[in-house]
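Printed here is my_file_28.cif (mmCIF, C-alpha atoms and all ligand atoms):
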```
data_target
loop_
_atom_site.group_PDB
_atom_site.id
_atom_site.type_symbol
_atom_site.label_atom_id
_atom_site.label_comp_id
_atom_site.auth_asym_id
_atom_site.auth_seq_id
_atom_site.Cartn_x
_atom_site.Cartn_y
_atom_site.Cartn_z
ATOM 1 C CA MET A 1 8.596 -0.445 -10.976
ATOM 2 C CA MET A 2 8.432 0.052 -7.212
ATOM 3 C CA GLU A 3 4.867 1.253 -7.526
ATOM 4 C CA GLU A 4 3.889 -1.757 -9.590
ATOM 5 C CA LEU A 5 5.391 -4.075 -6.983
ATOM 6 C CA GLU A 6 3.527 -2.220 -4.275
ATOM 7 C CA ASP A 7 0.223 -2.492 -6.187
ATOM 8 C CA GLU A 8 0.817 -6.184 -6.754
ATOM 9 C CA ARG A 9 1.553 -6.716 -3.064
ATOM 10 C CA LEU A 10 -1.691 -4.975 -2.113
ATOM 11 C CA LEU A 11 -3.735 -6.890 -4.647
ATOM 12 C CA VAL A 12 -2.532 -10.162 -3.145
ATOM 13 C CA LYS A 13 -3.709 -8.945 0.257
ATOM 14 C CA PHE A 14 -7.100 -7.789 -1.056
ATOM 15 C CA GLU A 15 -7.503 -11.194 -2.677
ATOM 16 C CA GLN A 16 -6.660 -13.028 0.572
ATOM 17 C CA ILE A 17 -9.135 -10.888 2.472
ATOM 18 C CA ALA A 18 -11.960 -11.358 -0.033
ATOM 19 C CA ASP A 19 -11.366 -15.134 -0.248
ATOM 20 C CA ARG A 20 -11.285 -15.687 3.494
ATOM 21 C CA LEU A 21 -14.254 -13.414 4.111
ATOM 22 C CA SER A 22 -16.401 -15.418 1.730
ATOM 23 C CA GLU A 23 -15.092 -18.794 2.959
ATOM 24 C CA LYS A 24 -15.068 -18.220 6.705
ATOM 25 C CA GLY A 25 -16.722 -14.883 7.390
ATOM 26 C CA TYR A 26 -13.504 -13.365 8.687
ATOM 27 C CA ALA A 27 -9.943 -12.637 7.585
ATOM 28 C CA VAL A 28 -6.650 -11.633 9.191
ATOM 29 C CA VAL A 29 -3.822 -10.237 7.086
ATOM 30 C CA ASP A 30 -0.425 -9.109 8.363
ATOM 31 C CA ASN A 31 1.590 -6.172 7.011
ATOM 32 C CA PHE A 32 -1.517 -4.601 5.560
ATOM 33 C CA LEU A 33 0.183 -1.392 6.659
ATOM 34 C CA GLU A 34 3.945 -0.891 6.352
ATOM 35 C CA PRO A 35 5.865 -0.085 9.566
ATOM 36 C CA GLN A 36 6.322 3.505 8.355
ATOM 37 C CA GLU A 37 2.583 3.847 7.664
ATOM 38 C CA VAL A 38 1.803 2.560 11.160
ATOM 39 C CA HIS A 39 4.252 5.057 12.596
ATOM 40 C CA ASP A 40 2.743 7.984 10.667
ATOM 41 C CA LEU A 41 -0.803 6.993 11.664
ATOM 42 C CA LEU A 42 0.256 6.749 15.316
ATOM 43 C CA ASP A 43 1.635 10.297 15.057
ATOM 44 C CA VAL A 44 -1.734 11.450 13.712
ATOM 45 C CA LEU A 45 -3.569 9.580 16.476
ATOM 46 C CA THR A 46 -1.321 11.181 19.115
ATOM 47 C CA HIS A 47 -1.876 14.603 17.561
ATOM 48 C CA HIS A 48 -5.676 14.206 17.728
ATOM 49 C CA ARG A 49 -5.472 12.921 21.267
ATOM 50 C CA ASP A 50 -3.257 15.795 22.410
ATOM 51 C CA GLN A 51 -5.853 18.153 20.959
ATOM 52 C CA GLY A 52 -8.448 16.542 23.216
ATOM 53 C CA THR A 53 -10.724 15.333 20.411
ATOM 54 C CA PHE A 54 -11.041 11.714 21.533
ATOM 55 C CA LYS A 55 -14.388 10.913 23.130
ATOM 56 C CA LYS A 56 -15.585 8.085 25.297
ATOM 57 C CA ALA A 57 -17.312 5.596 22.979
ATOM 58 C CA GLY A 58 -20.877 4.496 23.623
ATOM 59 C CA ILE A 59 -23.092 1.578 22.682
ATOM 60 C CA GLY A 60 -26.042 1.635 20.264
ATOM 61 C CA ALA A 61 -27.199 3.963 17.513
ATOM 62 C CA SER A 62 -27.909 7.619 18.269
ATOM 63 C CA ASP A 63 -31.433 7.070 19.570
ATOM 64 C CA GLN A 64 -30.292 4.353 21.987
ATOM 65 C CA PHE A 65 -26.862 5.712 22.838
ATOM 66 C CA GLN A 66 -25.421 4.625 26.190
ATOM 67 C CA VAL A 67 -22.021 4.916 27.824
ATOM 68 C CA ASP A 68 -21.127 2.043 30.128
ATOM 69 C CA LYS A 69 -17.435 1.718 30.912
ATOM 70 C CA SER A 70 -17.701 -1.890 32.128
ATOM 71 C CA VAL A 71 -19.090 -2.970 28.737
ATOM 72 C CA ARG A 72 -16.999 -0.744 26.458
ATOM 73 C CA GLY A 73 -13.950 1.230 27.629
ATOM 74 C CA ASP A 74 -12.447 2.708 24.478
ATOM 75 C CA TYR A 75 -12.031 6.329 23.353
ATOM 76 C CA ILE A 76 -12.583 7.188 19.720
ATOM 77 C CA ARG A 77 -12.227 9.947 17.180
ATOM 78 C CA TRP A 78 -14.179 9.621 13.944
ATOM 79 C CA ILE A 79 -12.267 10.424 10.749
ATOM 80 C CA GLU A 80 -13.635 13.315 8.723
ATOM 81 C CA PRO A 81 -12.564 12.374 5.186
ATOM 82 C CA GLN A 82 -12.607 16.013 3.982
ATOM 83 C CA ASN A 83 -10.164 17.041 6.719
ATOM 84 C CA ALA A 84 -7.977 13.927 6.876
ATOM 85 C CA LEU A 85 -4.233 14.451 7.348
ATOM 86 C CA PRO A 86 -2.003 12.835 4.670
ATOM 87 C CA PRO A 87 -1.333 9.494 6.477
ATOM 88 C CA THR A 88 -5.050 9.150 7.179
ATOM 89 C CA GLN A 89 -5.834 9.943 3.539
ATOM 90 C CA VAL A 90 -3.459 7.183 2.408
ATOM 91 C CA PHE A 91 -5.311 4.784 4.704
ATOM 92 C CA LEU A 92 -8.754 5.872 3.456
ATOM 93 C CA ASP A 93 -7.638 5.536 -0.166
ATOM 94 C CA ARG A 94 -6.503 1.986 0.553
ATOM 95 C CA MET A 95 -9.828 1.123 2.168
ATOM 96 C CA ASN A 96 -11.612 2.581 -0.838
ATOM 97 C CA GLU A 97 -9.610 0.364 -3.204
ATOM 98 C CA MET A 98 -10.332 -2.603 -1.011
ATOM 99 C CA MET A 99 -14.050 -1.838 -0.996
ATOM 100 C CA ARG A 100 -14.015 -1.779 -4.799
ATOM 101 C CA TYR A 101 -12.107 -5.050 -4.898
ATOM 102 C CA ILE A 102 -14.512 -6.730 -2.457
ATOM 103 C CA ASN A 103 -17.482 -5.472 -4.464
ATOM 104 C CA ARG A 104 -16.104 -7.107 -7.599
ATOM 105 C CA THR A 105 -15.710 -10.478 -5.866
ATOM 106 C CA CYS A 106 -18.157 -10.717 -2.935
ATOM 107 C CA PHE A 107 -21.346 -8.977 -4.122
ATOM 108 C CA LEU A 108 -22.117 -7.272 -0.831
ATOM 109 C CA GLY A 109 -23.172 -4.029 -2.540
ATOM 110 C CA LEU A 110 -20.817 -1.896 -0.457
ATOM 111 C CA LYS A 111 -21.274 1.830 -0.998
ATOM 112 C CA ASP A 112 -19.287 3.664 1.660
ATOM 113 C CA TYR A 113 -17.100 3.264 4.718
ATOM 114 C CA GLU A 114 -16.527 5.052 8.012
ATOM 115 C CA PHE A 115 -13.557 4.770 10.369
ATOM 116 C CA HIS A 116 -12.412 6.044 13.720
ATOM 117 C CA PHE A 117 -9.126 6.154 15.575
ATOM 118 C CA THR A 118 -9.385 4.102 18.742
ATOM 119 C CA GLU A 119 -7.598 3.895 22.078
ATOM 120 C CA TYR A 120 -8.306 1.284 24.737
ATOM 121 C CA PRO A 121 -6.633 2.554 27.926
ATOM 122 C CA VAL A 122 -4.903 -0.087 30.085
ATOM 123 C CA GLY A 123 -7.460 -2.278 31.841
ATOM 124 C CA THR A 124 -10.397 -1.549 29.507
ATOM 125 C CA VAL A 125 -12.386 -4.028 27.413
ATOM 126 C CA TYR A 126 -15.255 -4.265 24.957
ATOM 127 C CA LYS A 127 -17.469 -7.137 26.060
ATOM 128 C CA ARG A 128 -18.955 -9.613 23.611
ATOM 129 C CA HIS A 129 -21.142 -7.877 21.005
ATOM 130 C CA ILE A 130 -22.157 -7.743 17.335
ATOM 131 C CA ASP A 131 -21.363 -4.618 15.309
ATOM 132 C CA GLN A 132 -24.639 -4.291 13.482
ATOM 133 C CA PHE A 133 -27.021 -2.010 15.356
ATOM 134 C CA LYS A 134 -30.435 -3.453 16.104
ATOM 135 C CA THR A 135 -32.085 -0.376 14.600
ATOM 136 C CA ASN A 136 -29.742 0.038 11.634
ATOM 137 C CA ASP A 137 -28.366 -2.889 9.681
ATOM 138 C CA HIS A 138 -26.218 -1.062 7.122
ATOM 139 C CA ARG A 139 -22.864 -2.185 8.544
ATOM 140 C CA LYS A 140 -21.835 -5.162 6.406
ATOM 141 C CA LEU A 141 -18.132 -5.622 7.185
ATOM 142 C CA SER A 142 -16.071 -4.632 10.229
ATOM 143 C CA PHE A 143 -12.373 -3.760 9.930
ATOM 144 C CA ILE A 144 -9.725 -3.176 12.558
ATOM 145 C CA CYS A 145 -6.219 -2.143 11.631
ATOM 146 C CA TYR A 146 -3.820 -2.320 14.584
ATOM 147 C CA LEU A 147 -1.161 0.272 15.380
ATOM 148 C CA ASN A 148 0.649 -1.374 18.325
ATOM 149 C CA GLU A 149 4.405 -1.433 17.784
ATOM 150 C CA GLY A 150 6.281 -4.072 19.801
ATOM 151 C CA TRP A 151 3.085 -5.759 21.038
ATOM 152 C CA LEU A 152 3.688 -9.142 22.698
ATOM 153 C CA PRO A 153 1.275 -11.940 23.686
ATOM 154 C CA GLU A 154 1.811 -11.111 27.368
ATOM 155 C CA HIS A 155 0.362 -7.619 26.746
ATOM 156 C CA GLY A 156 -3.041 -9.256 26.162
ATOM 157 C CA GLY A 157 -5.646 -7.229 24.279
ATOM 158 C CA ASN A 158 -6.694 -9.991 21.905
ATOM 159 C CA LEU A 159 -9.655 -9.583 19.640
ATOM 160 C CA ARG A 160 -11.672 -12.766 20.264
ATOM 161 C CA LEU A 161 -14.064 -13.893 17.538
ATOM 162 C CA TYR A 162 -16.869 -16.367 18.241
ATOM 163 C CA LEU A 163 -17.421 -18.249 15.002
ATOM 164 C CA PRO A 164 -20.809 -19.945 14.632
ATOM 165 C CA GLN A 165 -20.437 -23.632 13.672
ATOM 166 C CA GLU A 166 -22.758 -25.748 11.593
ATOM 167 C CA ASP A 167 -23.533 -28.015 14.558
ATOM 168 C CA GLY A 168 -24.856 -24.980 16.423
ATOM 169 C CA GLY A 169 -21.727 -24.642 18.562
ATOM 170 C CA GLU A 170 -19.082 -21.944 18.529
ATOM 171 C CA GLU A 171 -15.375 -21.851 17.887
ATOM 172 C CA THR A 172 -13.191 -19.042 19.232
ATOM 173 C CA VAL A 173 -10.281 -17.398 17.426
ATOM 174 C CA ASP A 174 -7.929 -15.006 19.234
ATOM 175 C CA ILE A 175 -6.178 -12.275 17.253
ATOM 176 C CA LEU A 176 -3.271 -10.346 18.745
ATOM 177 C CA PRO A 177 -3.449 -6.605 17.909
ATOM 178 C CA ILE A 178 0.013 -6.323 16.363
ATOM 179 C CA ALA A 179 1.145 -3.345 14.276
ATOM 180 C CA GLY A 180 0.154 -3.467 10.602
ATOM 181 C CA ARG A 181 -2.305 -6.351 11.017
ATOM 182 C CA LEU A 182 -5.800 -6.035 9.566
ATOM 183 C CA ALA A 183 -8.673 -8.071 10.981
ATOM 184 C CA CYS A 184 -12.078 -8.054 9.318
ATOM 185 C CA PHE A 185 -15.321 -9.960 9.615
ATOM 186 C CA ARG A 186 -19.010 -9.989 8.730
ATOM 187 C CA ALA A 187 -20.581 -7.319 10.916
ATOM 188 C CA ASP A 188 -23.938 -9.093 11.011
ATOM 189 C CA MET A 189 -22.734 -12.601 11.888
ATOM 190 C CA ILE A 190 -19.751 -12.691 14.169
ATOM 191 C CA PRO A 191 -19.923 -11.919 17.885
ATOM 192 C CA HIS A 192 -16.579 -10.736 19.243
ATOM 193 C CA GLU A 193 -14.916 -9.046 22.193
ATOM 194 C CA VAL A 194 -11.780 -7.111 23.106
ATOM 195 C CA LEU A 195 -9.816 -8.610 25.994
ATOM 196 C CA VAL A 196 -8.052 -6.580 28.658
ATOM 197 C CA ALA A 197 -4.494 -5.372 27.938
ATOM 198 C CA THR A 198 -1.562 -4.203 30.027
ATOM 199 C CA ARG A 199 -0.651 -1.435 27.565
ATOM 200 C CA PRO A 200 -2.748 1.179 25.794
ATOM 201 C CA ARG A 201 -4.114 -0.447 22.630
ATOM 202 C CA TYR A 202 -4.389 1.615 19.420
ATOM 203 C CA SER A 203 -6.184 0.952 16.151
ATOM 204 C CA LEU A 204 -8.219 2.265 13.266
ATOM 205 C CA THR A 205 -11.671 0.719 13.420
ATOM 206 C CA GLY A 206 -14.403 0.958 10.844
ATOM 207 C CA TRP A 207 -17.153 -0.453 8.734
ATOM 208 C CA MET A 208 -18.126 -0.849 5.120
ATOM 209 C CA LEU A 209 -21.767 -0.008 4.570
ATOM 210 C CA ASP A 210 -24.407 -0.772 1.978
ATOM 211 C CA GLN A 211 -25.512 2.865 1.992
ATOM 212 C CA LEU A 212 -23.741 6.222 2.279
ATOM 213 C CA SER A 213 -22.347 7.023 5.711
ATOM 214 C CA GLU A 214 -24.682 9.118 7.829
ATOM 215 C CA LEU A 215 -21.939 10.457 10.075
ATOM 216 C CA THR A 216 -22.190 14.183 10.536
ATOM 217 C CA PHE A 217 -19.332 16.270 11.835
ATOM 218 C CA LEU A 218 -20.575 19.215 13.821
HETATM 219 C C1 LIG A 301 -15.372 -2.521 17.912
HETATM 220 C C2 LIG A 301 -14.526 -3.724 18.118
HETATM 221 C C3 LIG A 301 -12.380 -4.810 18.038
HETATM 222 C C4 LIG A 301 -10.912 -4.525 18.214
HETATM 223 O O1 LIG A 301 -14.844 -1.401 17.967
HETATM 224 O O2 LIG A 301 -16.589 -2.674 17.674
HETATM 225 O O3 LIG A 301 -15.101 -4.773 18.295
HETATM 226 O O4 LIG A 301 -10.101 -5.468 18.072
HETATM 227 N N1 LIG A 301 -13.170 -3.645 18.068
HETATM 228 O O5 LIG A 301 -10.548 -3.379 18.509
HETATM 229 MN MN MN A 302 -17.084 -4.663 17.510
#
```

Would you encode the structure as structure tokens?
Amino acid sequence: MMEELEDERLLVKFEQIADRLSEKGYAVVDNFLEPQEVHDLLDVLTHHRDQGTFKKAGIGASDQFQVDKSVRGDYIRWIEPQNALPPTQVFLDRMNEMMRYINRTCFLGLKDYEFHFTEYPVGTVYKRHIDQFKTNDHRKLSFICYLNEGWLPEHGGNLRLYLPQEDGGEETVDILPIAGRLACFRADMIPHEVLVATRPRYSLTGWMLDQLSELTFL
């Protein structure tokens, strides 16, 4: 019974996400992760960080890779699905179910996904950008799942989306990175940025692709 309720609860969220993605090109859903799931994922993130496996993130695909702290200040650790710890596996399984749900309703031909753990140290940002690489357009949807317990508006760190309007203008939407919240949007259409925060800002960030992931873990 509990499991059925849980499945039902998730289905409602998948449905909200798929509907809003196709209507507006983006979606925000709260309590996508339970507080306990957030807590367990934060423990995993801390474990990886203590092991020194976070790396300064860069900009561009491998052949045009650049690191510029004033443009992008986060540290990341890609998830290796084969070696994922149990809380990470639960998260990946959920994303897999969501990908299947979205494929049944949105016809984006999604085939795979790739995610990393992310930390934005205090004072860092990611300036306005689009997630699709110029040389590689296989990222169809972007997802960010926030892990920030007790986050308040005064801590900053909003995700700001710039939504293209029919009249050629732009509308902005600010999304606070609160624990358990999932934000997603069309990777090819929506410019966005990460605003500066007064606390370290944690998340799982990833993409759904229309081909198999080409990440290699050396
Ligand atoms: C990104 C990104 C947004 C966020 O990693 O490409 O835009 O809210 N992240 O962390
Ligand atoms: Mn981005």

For this session: Give me the residues within 10 Å of A:Cys106 as a PyMOL selection string, counting all atoms listed in the file and dropping any in the same chain fewer than 4 places off.
Result: chain A and resi 18-19+21-22+99+101-102+110

Would you save the residues from that selection as a PDB file, in the frame of the given file, using C-alpha atoms?
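For reference, part.pdb as written:
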```
ATOM      1  CA  ALA A  18     -11.960 -11.358  -0.033  1.00  0.00           C
ATOM      2  CA  ASP A  19     -11.366 -15.134  -0.248  1.00  0.00           C
ATOM      3  CA  LEU A  21     -14.254 -13.414   4.111  1.00  0.00           C
ATOM      4  CA  SER A  22     -16.401 -15.418   1.730  1.00  0.00           C
ATOM      5  CA  MET A  99     -14.050  -1.838  -0.996  1.00  0.00           C
ATOM      6  CA  TYR A 101     -12.107  -5.050  -4.898  1.00  0.00           C
ATOM      7  CA  ILE A 102     -14.512  -6.730  -2.457  1.00  0.00           C
ATOM      8  CA  LEU A 110     -20.817  -1.896  -0.457  1.00  0.00           C
TER       9      LEU A 110
END
```

What are the closest atom pairs, with distances in Å to one decimal, for each residue of chain A lying within 7 Å of ligand LIG 301 (chain A), using only C-alpha atoms and all ligand atoms, rows by chain and rising residue number, as JSON lines?
```
{"residue": "A:Tyr126", "atom": "CA", "partner": "A:LIG301", "partner_atom": "O3", "distance": 6.7}
{"residue": "A:Asp131", "atom": "CA", "partner": "A:LIG301", "partner_atom": "O2", "distance": 5.7}
{"residue": "A:Ile144", "atom": "CA", "partner": "A:LIG301", "partner_atom": "C4", "distance": 5.9}
{"residue": "A:Asn158", "atom": "CA", "partner": "A:LIG301", "partner_atom": "O4", "distance": 6.8}
{"residue": "A:Leu159", "atom": "CA", "partner": "A:LIG301", "partner_atom": "O4", "distance": 4.4}
{"residue": "A:Pro177", "atom": "CA", "partner": "A:LIG301", "partner_atom": "O4", "distance": 6.8}
{"residue": "A:His192", "atom": "CA", "partner": "A:LIG301", "partner_atom": "O3", "distance": 6.2}
{"residue": "A:Glu193", "atom": "CA", "partner": "A:LIG301", "partner_atom": "O3", "distance": 5.8}
{"residue": "A:Val194", "atom": "CA", "partner": "A:LIG301", "partner_atom": "O4", "distance": 5.6}
{"residue": "A:Ser203", "atom": "CA", "partner": "A:LIG301", "partner_atom": "O5", "distance": 6.6}
{"residue": "A:Thr205", "atom": "CA", "partner": "A:LIG301", "partner_atom": "O1", "distance": 5.9}
```

Just the selected residues (C-alpha atoms), exported as a PDB file, keeping the file's coordinate frame, please.
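See result_36.pdb below for the written result:
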```
ATOM      1  CA  TYR A 126     -15.255  -4.265  24.957  1.00  0.00           C
ATOM      2  CA  ASP A 131     -21.363  -4.618  15.309  1.00  0.00           C
ATOM      3  CA  ILE A 144      -9.725  -3.176  12.558  1.00  0.00           C
ATOM      4  CA  ASN A 158      -6.694  -9.991  21.905  1.00  0.00           C
ATOM      5  CA  LEU A 159      -9.655  -9.583  19.640  1.00  0.00           C
ATOM      6  CA  PRO A 177      -3.449  -6.605  17.909  1.00  0.00           C
ATOM      7  CA  HIS A 192     -16.579 -10.736  19.243  1.00  0.00           C
ATOM      8  CA  GLU A 193     -14.916  -9.046  22.193  1.00  0.00           C
ATOM      9  CA  VAL A 194     -11.780  -7.111  23.106  1.00  0.00           C
ATOM     10  CA  SER A 203      -6.184   0.952  16.151  1.00  0.00           C
ATOM     11  CA  THR A 205     -11.671   0.719  13.420  1.00  0.00           C
TER      12      THR A 205
END
```

Problem set entry | Within-12 Å residues of ligand MN 302 (chain A), basis only C-alpha atoms and all ligand atoms, as a PyMOL selection string | chain A and resi 57-60+71-72+74+118+125-133+139+141-144+159-162+183-195+205-207

Problem set entry | Expansion of the PyMOL selection byres (((chain A and resi 156) around 12) and not hetatm) into residues, as a PyMOL selection string | chain A and resi 120+122-125+148+151-155+157-160+174-178+194-201

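From atom CA of A:Glu119 back to atom CA of A:Gly73, the distance works out to 8.8 Å.
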
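Here atom CA of A:His138 is placed at a distance of 9.1 Å from atom CA of A:Ser213.
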
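Taking atom CA of A:Leu85 as the reference point, atom CA of A:Ala179 is found at 19.8 Å.
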
For this session: Considering all atoms listed in the file, state which residue in the set A:Gln51, A:Asn83, A:Ser70, A:Thr88 is at the smallest distance from A:Glu37.
Result: A:Thr88

Exercise. Residues around (-5.2, -5.6, 11.3), cut-off 7 Å, counting only C-alpha atoms - what are they as a VMD selection string?
Worked result: chain A and resid 28 to 30 32 144 to 146 177 180 to 183

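Closest to A:Asp112 among A:Met98, A:Asp210, A:Phe14, A:Lys56 is A:Asp210, based on all atoms listed in the file.
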
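Distances from A:Leu11, A:Leu209, A:Val90, A:Ile79 to A:Asp40 were compared using only C-alpha atoms, and the smallest one belongs to A:Val90.
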
Exercise. The PyMOL selection byres (((chain A and resi 215) around 9) and not hetatm) on the file shown: which residues, as a VMD selection string?
Worked result: chain A and resid 78 80 114 213 to 214 216 to 217

Exercise. Do you know which residues are at most 12 Å from A:Ala84 counting only C-alpha atoms, after dropping those on the same chain fewer than 3 positions away, and could you put them as a PyMOL selection string?
Worked result: chain A and resi 41+44-45+48+77-81+87-93+115-117

What would the file look like if the residues just selected were written as an mmCIF file, in the coordinates of the input with C-alpha atoms?
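Once written, out.cif looks like this:
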```cif
data_model
loop_
_atom_site.group_PDB
_atom_site.id
_atom_site.type_symbol
_atom_site.label_atom_id
_atom_site.label_comp_id
_atom_site.auth_asym_id
_atom_site.auth_seq_id
_atom_site.Cartn_x
_atom_site.Cartn_y
_atom_site.Cartn_z
ATOM 1 C CA LEU A 41 -0.803 6.993 11.664
ATOM 2 C CA VAL A 44 -1.734 11.450 13.712
ATOM 3 C CA LEU A 45 -3.569 9.580 16.476
ATOM 4 C CA HIS A 48 -5.676 14.206 17.728
ATOM 5 C CA ARG A 77 -12.227 9.947 17.180
ATOM 6 C CA TRP A 78 -14.179 9.621 13.944
ATOM 7 C CA ILE A 79 -12.267 10.424 10.749
ATOM 8 C CA GLU A 80 -13.635 13.315 8.723
ATOM 9 C CA PRO A 81 -12.564 12.374 5.186
ATOM 10 C CA PRO A 87 -1.333 9.494 6.477
ATOM 11 C CA THR A 88 -5.050 9.150 7.179
ATOM 12 C CA GLN A 89 -5.834 9.943 3.539
ATOM 13 C CA VAL A 90 -3.459 7.183 2.408
ATOM 14 C CA PHE A 91 -5.311 4.784 4.704
ATOM 15 C CA LEU A 92 -8.754 5.872 3.456
ATOM 16 C CA ASP A 93 -7.638 5.536 -0.166
ATOM 17 C CA PHE A 115 -13.557 4.770 10.369
ATOM 18 C CA HIS A 116 -12.412 6.044 13.720
ATOM 19 C CA PHE A 117 -9.126 6.154 15.575
#
```

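Using all atoms listed in the file, the nearest neighbour of A:Asp137 within the list A:Glu3, A:Glu8, A:Met208, A:Ile17 is A:Met208.
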